[in-house]
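Structure data (TSV, C-alpha atoms) from input33.tsv:
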chain	number	residue	atom	x	y	z
A	1	MET	CA	157.08	117.77	128.48
A	2	PRO	CA	159.09	120.16	126.28
A	3	ARG	CA	156.99	122.11	123.81
A	4	THR	CA	157.62	121.50	120.12
A	5	ALA	CA	156.17	123.19	117.07
A	6	ARG	CA	152.69	121.83	116.41
A	7	ILE	CA	152.51	120.32	112.94
A	8	ALA	CA	149.24	118.67	112.02
A	9	PRO	CA	148.45	118.67	108.29
A	10	LYS	CA	145.40	116.55	107.48
A	11	GLU	CA	147.20	114.10	105.20
A	12	TYR	CA	148.87	112.29	108.09
A	13	ILE	CA	147.94	109.80	110.81
A	14	TYR	CA	148.66	110.76	114.42
A	15	HIS	CA	149.29	108.95	117.65
A	16	THR	CA	148.04	111.27	120.40
A	17	LEU	CA	148.64	111.02	124.13
A	18	THR	CA	146.70	113.01	126.73
A	19	ARG	CA	147.48	112.77	130.46
A	20	GLY	CA	145.65	113.85	133.57
A	21	ASN	CA	147.27	116.81	135.34
A	22	ASN	CA	150.11	115.60	137.58
A	23	ARG	CA	149.21	112.11	136.29
A	24	GLN	CA	145.99	112.14	138.31
A	25	ASP	CA	143.27	109.61	137.51
A	26	ILE	CA	140.89	110.69	134.76
A	27	PHE	CA	138.66	107.61	134.96
A	28	ARG	CA	137.27	106.63	138.36
A	29	GLU	CA	134.60	104.16	137.34
A	30	GLN	CA	133.20	102.35	134.32
A	31	SER	CA	130.68	105.08	133.56
A	32	ASP	CA	133.57	107.50	133.00
A	33	HIS	CA	135.06	105.26	130.32
A	34	GLU	CA	131.64	104.97	128.74
A	35	LYS	CA	131.21	108.75	128.78
A	36	TYR	CA	134.56	109.22	127.07
A	37	ARG	CA	133.51	106.73	124.36
A	38	GLU	CA	130.28	108.68	123.93
A	39	ILE	CA	132.25	111.92	123.52
A	40	LEU	CA	134.57	110.26	120.99
A	41	ARG	CA	131.56	109.12	118.95
A	42	LYS	CA	130.07	112.62	119.08
A	43	TYR	CA	133.21	114.31	117.77
A	44	LYS	CA	133.89	111.52	115.29
A	45	ASP	CA	130.49	112.26	113.75
A	46	LYS	CA	131.16	115.99	113.84
A	47	TYR	CA	134.72	116.05	112.49
A	48	LYS	CA	134.68	112.88	110.34
A	49	PHE	CA	138.04	111.56	111.54
A	50	LYS	CA	139.17	107.94	111.44
A	51	LEU	CA	140.01	106.24	114.75
A	52	TYR	CA	142.35	103.30	114.19
A	53	HIS	CA	143.58	102.33	117.66
A	54	TYR	CA	142.92	103.47	121.22
A	55	VAL	CA	143.38	102.64	124.88
A	56	PHE	CA	141.88	104.37	127.92
A	57	MET	CA	144.24	103.98	130.88
A	58	THR	CA	143.53	105.16	134.43
A	59	ASN	CA	145.35	108.47	134.04
A	60	HIS	CA	145.99	108.86	130.32
A	61	ILE	CA	144.57	108.15	126.87
A	62	HIS	CA	146.17	107.03	123.61
A	63	LEU	CA	144.37	107.58	120.30
A	64	VAL	CA	145.57	106.84	116.75
A	65	ILE	CA	143.65	109.30	114.59
A	66	GLU	CA	143.51	110.29	110.93
A	67	PRO	CA	141.78	113.61	110.15
A	68	THR	CA	139.94	113.64	106.81
A	69	LYS	CA	139.67	116.31	104.14
A	70	GLU	CA	135.96	116.80	104.76
A	71	GLY	CA	136.34	117.05	108.56
A	72	GLY	CA	138.21	119.06	111.17
A	73	ASN	CA	141.95	119.21	111.76
A	74	LEU	CA	143.73	117.49	114.63
A	75	ALA	CA	143.69	120.57	116.88
A	76	GLU	CA	139.92	120.99	116.51
A	77	ILE	CA	139.33	117.29	117.14
A	78	MET	CA	141.46	117.10	120.28
A	79	LYS	CA	140.22	120.41	121.67
A	80	GLY	CA	136.61	119.31	121.33
A	81	ILE	CA	137.18	115.89	122.91
A	82	ASN	CA	139.39	117.09	125.77
A	83	LEU	CA	137.27	120.11	126.67
A	84	SER	CA	134.05	118.11	126.62
A	85	TYR	CA	135.40	115.34	128.85
A	86	ALA	CA	137.05	117.78	131.27
A	87	GLN	CA	133.74	119.61	131.69
A	88	TYR	CA	131.94	116.31	132.36
A	89	TYR	CA	134.53	115.20	134.94
A	90	LYS	CA	134.67	118.54	136.76
A	91	CYS	CA	130.89	118.66	137.05
A	92	LYS	CA	130.55	115.03	138.19
A	93	TYR	CA	133.36	115.07	140.76
A	94	ASN	CA	133.39	118.78	141.70
A	95	HIS	CA	136.95	118.98	140.43
A	96	ILE	CA	138.66	122.39	140.61
A	97	GLY	CA	141.79	123.45	138.72
A	98	HIS	CA	143.66	122.06	135.73
A	99	PHE	CA	142.38	118.71	134.53
A	100	TRP	CA	144.74	117.81	131.67
A	101	GLN	CA	148.52	117.91	131.93
A	102	ASP	CA	149.68	120.60	129.52
A	103	ARG	CA	148.53	120.03	125.93
A	104	TYR	CA	148.23	116.66	124.24
A	105	LYS	CA	151.28	115.09	122.62
A	106	SER	CA	151.09	114.04	118.97
A	107	ILE	CA	153.36	111.89	116.78
A	108	ILE	CA	153.09	111.61	112.99
A	109	ILE	CA	152.85	107.95	111.90
A	110	SER	CA	153.62	106.52	108.46
A	111	ARG	CA	151.12	104.34	106.55
A	112	ASP	CA	152.97	101.04	106.70
A	113	ASN	CA	154.06	98.50	109.30
A	114	TYR	CA	154.98	101.39	111.57
A	115	LEU	CA	151.25	102.00	111.93
A	116	LEU	CA	150.77	98.39	113.04
A	117	ALA	CA	153.66	98.77	115.48
A	118	CYS	CA	152.19	101.99	116.87
A	119	GLY	CA	148.78	100.34	117.24
A	120	SER	CA	150.28	97.41	119.14
A	121	TYR	CA	152.23	99.83	121.35
A	122	VAL	CA	148.96	101.56	122.22
A	123	GLU	CA	147.09	98.31	122.89
A	124	LEU	CA	149.92	96.85	124.99
A	125	ASN	CA	149.73	99.69	127.52
A	126	PRO	CA	147.68	97.62	130.01
A	127	VAL	CA	150.28	94.82	129.75
A	128	ARG	CA	153.17	97.22	130.37
A	129	ALA	CA	151.27	98.62	133.35
A	130	LYS	CA	150.79	95.04	134.65
A	131	ILE	CA	147.02	95.44	134.75
A	132	VAL	CA	146.57	92.34	132.56
A	133	GLU	CA	148.88	89.68	131.16
A	134	ASP	CA	147.07	89.47	127.82
A	135	PRO	CA	145.75	92.57	126.00
A	136	LYS	CA	142.51	90.73	125.18
A	137	ASP	CA	141.57	90.94	128.86
A	138	TYR	CA	141.52	94.75	128.93
A	139	LYS	CA	138.11	96.12	128.06
A	140	TRP	CA	138.98	99.70	127.12
A	141	SER	CA	141.13	99.26	124.04
A	142	SER	CA	140.82	98.45	120.34
A	143	TYR	CA	142.83	95.22	120.57
A	144	ASN	CA	139.90	92.79	120.40
A	145	ILE	CA	138.51	94.46	117.28
A	146	TYR	CA	141.67	93.56	115.35
A	147	ALA	CA	142.66	90.36	117.14
A	148	TYR	CA	139.26	88.69	117.53
A	149	GLY	CA	136.78	90.54	115.31
A	150	LYS	CA	134.84	92.29	118.09
A	151	LYS	CA	132.29	94.70	116.64
A	152	ASP	CA	132.88	98.32	117.55
A	153	PRO	CA	131.46	101.23	115.50
A	154	LEU	CA	134.02	103.54	117.10
A	155	THR	CA	137.01	101.87	115.44
A	156	ASP	CA	138.02	101.96	111.76
A	157	GLU	CA	140.16	99.04	110.60
A	158	HIS	CA	143.00	100.56	108.61
A	159	PRO	CA	144.31	99.27	105.25
A	160	ILE	CA	147.66	98.11	106.68
A	161	TYR	CA	145.83	95.68	108.96
A	162	LYS	CA	143.68	94.46	106.07
A	163	GLU	CA	146.82	93.72	104.04
A	164	LEU	CA	147.86	91.05	106.55
A	165	SER	CA	145.54	88.57	104.79
A	166	LYS	CA	142.44	88.47	102.60
A	167	ASN	CA	140.98	85.88	104.96
A	168	GLU	CA	139.49	87.40	108.13
A	169	THR	CA	140.39	84.50	110.42
A	170	GLU	CA	143.96	84.41	109.15
A	171	ARG	CA	144.23	88.20	109.38
A	172	ARG	CA	143.21	88.21	113.04
A	173	LYS	CA	145.65	85.39	113.79
A	174	LYS	CA	148.50	87.29	112.11
A	175	TYR	CA	147.64	90.41	114.08
A	176	ARG	CA	147.73	88.46	117.36
A	177	GLU	CA	151.12	87.05	116.36
A	178	PHE	CA	152.37	90.51	115.43
A	179	VAL	CA	151.34	91.98	118.80
A	180	LYS	CA	152.82	88.99	120.63
A	181	GLY	CA	156.11	89.66	118.84
A	182	MET	CA	155.94	93.32	119.87
A	183	LEU	CA	155.75	92.24	123.53
A	184	LYS	CA	159.46	91.43	123.34
A	185	GLU	CA	160.16	95.00	122.27
A	186	LYS	CA	157.77	96.75	124.67
A	187	LYS	CA	160.43	98.34	126.92
A	188	ALA	CA	162.52	99.69	124.04
A	189	MET	CA	159.39	100.83	122.22
A	190	LYS	CA	158.14	102.78	125.24
A	191	GLY	CA	161.35	104.78	125.55
A	192	GLU	CA	161.42	105.45	121.82
A	193	MET	CA	157.79	106.54	121.43
A	194	GLU	CA	157.85	108.95	124.37
A	195	LYS	CA	160.51	111.09	122.66
A	196	ARG	CA	159.29	110.98	119.07
A	197	VAL	CA	157.64	113.60	116.90
A	198	ILE	CA	157.72	111.36	113.81
A	199	TYR	CA	157.51	107.55	113.68
A	200	GLY	CA	158.15	105.88	110.35
A	201	SER	CA	160.69	104.66	107.81
A	202	GLU	CA	163.84	106.66	107.14
A	203	GLY	CA	162.45	108.02	103.86
A	204	PHE	CA	159.15	109.05	105.47
A	205	THR	CA	160.91	110.66	108.42
A	206	GLU	CA	163.28	112.64	106.23
A	207	LYS	CA	160.41	113.91	104.06
A	208	VAL	CA	158.42	115.18	107.06
A	209	LYS	CA	161.53	116.77	108.59
A	210	LYS	CA	162.28	118.55	105.31
A	211	ASP	CA	158.69	119.63	104.58
A	212	TYR	CA	157.96	121.01	108.05
A	213	GLU	CA	161.45	121.78	109.43
A	214	VAL	CA	161.02	119.70	112.58
A	215	GLU	CA	163.25	117.31	114.49
A	216	GLU	CA	162.57	113.58	114.54
A	217	VAL	CA	162.66	113.45	118.35
A	218	ILE	CA	162.12	115.92	121.18
A	219	ARG	CA	165.45	117.42	122.21
A	220	PRO	CA	166.21	117.92	125.91
A	221	LYS	CA	166.07	121.51	127.15
A	222	GLY	CA	169.20	123.35	128.28
A	223	ARG	CA	172.79	123.44	127.14
A	224	PRO	CA	174.48	120.39	125.60
A	225	LYS	CA	176.40	118.18	128.00
A	226	LYS	CA	180.13	118.85	128.26
A	227	GLY	CA	182.01	117.26	125.42
A	228	ARG	CA	178.99	117.20	123.09
A	229	GLU	CA	179.08	120.78	121.82
A	230	GLY	CA	178.75	120.96	118.07
A	231	ILE	CA	177.04	117.57	117.73
A	232	LYS	CA	173.74	117.89	115.88
How does the structure come out when it is put into structure tokens?
Amino acid sequence: MPRTARIAPKEYIYHTLTRGNNRQDIFREQSDHEKYREILRKYKDKYKFKLYHYVFMTNHIHLVIEPTKEGGNLAEIMKGINLSYAQYYKCKYNHIGHFWQDRYKSIIISRDNYLLACGSYVELNPVRAKIVEDPKDYKWSSYNIYAYGKKDPLTDEHPIYKELSKNETERRKKYREFVKGMLKEKKAMKGEMEKRVIYGSEGFTEKVKKDYEVEEVIRPKGRPKKGREGIK
């Protein structure tokens, strides 16, 4: 993927994506998923970040993370997690060479319904991949914590989710309905998220662009196509 300037101030929430090199499998069996969860817990304790949504796919991982003032920054968090898991995998499977594909991708997410949309995008990955028809049937994601109240010390329920309702049963029902609604937008959402650097309202996006002098989406490399010179 094209490299963009890394911006990761602590006051933001991030959707991160890490892929296996050449899209190779990074989880071969259940114990690998469990090891990755163990590593997440270790670095969550060390760097004090919030983990709002996640999914572990066969060859890539999505995390929605918020660094905290008292903990490490996003780069420290992701470096620790990715290095630790790569070392585990290489030792277990005698893997030689690059393990991760380039560096992780990160997208800044606003603290509103865009965070809910991002979370549902993450949790619908197994549905898009046609592994399951219903996200509740995929074990390695945060969906059931929000949708059905599954207990998981790894996941922090964020305030936007809690604003859906004061009643827990109603809140979970509304979240299930929200994710079901996002199923209709899954194809468009996938294309949009893969190119983004910022995901939020127009006001939020413009503020981040102005503060950090970054583009909203990743621009293709190379010269502009004929007839599009001068368009910005």
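Across A:Asn113, A:Asn94, A:Ser106, A:Asn73, the tightest approach to Ile61 (chain A) is made by A:Ser106 when counting only C-alpha atoms.
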Nearest residue to Ile198 (chain A) out of A:Tyr47, A:Tyr138, A:Tyr14, A:Tyr175, using all atoms listed in the file? A:Tyr14
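Proximity ranking of A:Ile39, A:Val55, A:Ile96, A:Leu164 relative to Asn125 (chain A) places A:Val55 first, based on only C-alpha atoms.
The coordinates place CA of Pro159 (chain A) at 17.8 Å from CA of Phe204 (chain A).
The set of protein, DNA and RNA residues with any counted atom at most 9 Å from (143.2, 111.5, 135.8) (all atoms listed in the file) reads Arg19, Gly20, Asn21, Asn22, Arg23, Gln24, Asp25, Ile26, Phe27, Arg28, Thr58, Asn59, His60, Phe99 and Trp100 of chain A.
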Produce a file of the selected residues containing C-alpha atoms, as a PDB file, in the coordinates of the input.
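And here is the file that came out, out_1.pdb:
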ATOM      1  CA  ARG A  19     147.480 112.770 130.460  1.00  0.00           C
ATOM      2  CA  GLY A  20     145.650 113.850 133.570  1.00  0.00           C
ATOM      3  CA  ASN A  21     147.270 116.810 135.340  1.00  0.00           C
ATOM      4  CA  ASN A  22     150.110 115.600 137.580  1.00  0.00           C
ATOM      5  CA  ARG A  23     149.210 112.110 136.290  1.00  0.00           C
ATOM      6  CA  GLN A  24     145.990 112.140 138.310  1.00  0.00           C
ATOM      7  CA  ASP A  25     143.270 109.610 137.510  1.00  0.00           C
ATOM      8  CA  ILE A  26     140.890 110.690 134.760  1.00  0.00           C
ATOM      9  CA  PHE A  27     138.660 107.610 134.960  1.00  0.00           C
ATOM     10  CA  ARG A  28     137.270 106.630 138.360  1.00  0.00           C
ATOM     11  CA  THR A  58     143.530 105.160 134.430  1.00  0.00           C
ATOM     12  CA  ASN A  59     145.350 108.470 134.040  1.00  0.00           C
ATOM     13  CA  HIS A  60     145.990 108.860 130.320  1.00  0.00           C
ATOM     14  CA  PHE A  99     142.380 118.710 134.530  1.00  0.00           C
ATOM     15  CA  TRP A 100     144.740 117.810 131.670  1.00  0.00           C
TER      16      TRP A 100
END
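Using all atoms listed in the file, the nearest neighbour of Lys44 (chain A) within the list A:Asp32, A:Glu206, A:Asp112, A:Glu66 is A:Glu66.
Taking CA of Thr16 (chain A) and CA of His95 (chain A) as the two end points, the separation is 24.2 Å.
Closest to Tyr104 (chain A) among A:His15, A:Lys92, A:Arg128, A:Lys139 is A:His15, based on only C-alpha atoms.
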Counting all atoms listed in the file, closest pick from A:Tyr114, A:Tyr143, A:Tyr88, A:Tyr12 relative to Pro67 (chain A) is A:Tyr12
Which residues, protein or nucleic acid, reach to within 12 Å of (147.5, 93.1, 126.9) in the file's coordinates when using only C-alpha atoms, and can you give that as a PyMOL selection string? chain A and resi 55+120-144+147+176+179-180+182-183+186
Pick out the residues sitting within 12 Å of Arg41 (chain A), and hand them over as a ChimeraX atom specification; count all atoms listed in the file, and ignore anything fewer than 5 positions along from it in its own chain. /A:34-36,46-51,77,80-81,152-155
Contacts of Tyr161 (chain A) within 10 Å, only C-alpha atoms, excl. fewer than 3 positions in-chain, as a ChimeraX atom specification: /A:52,112-113,115-116,119,146,157-158,164-165,171-172,174-175
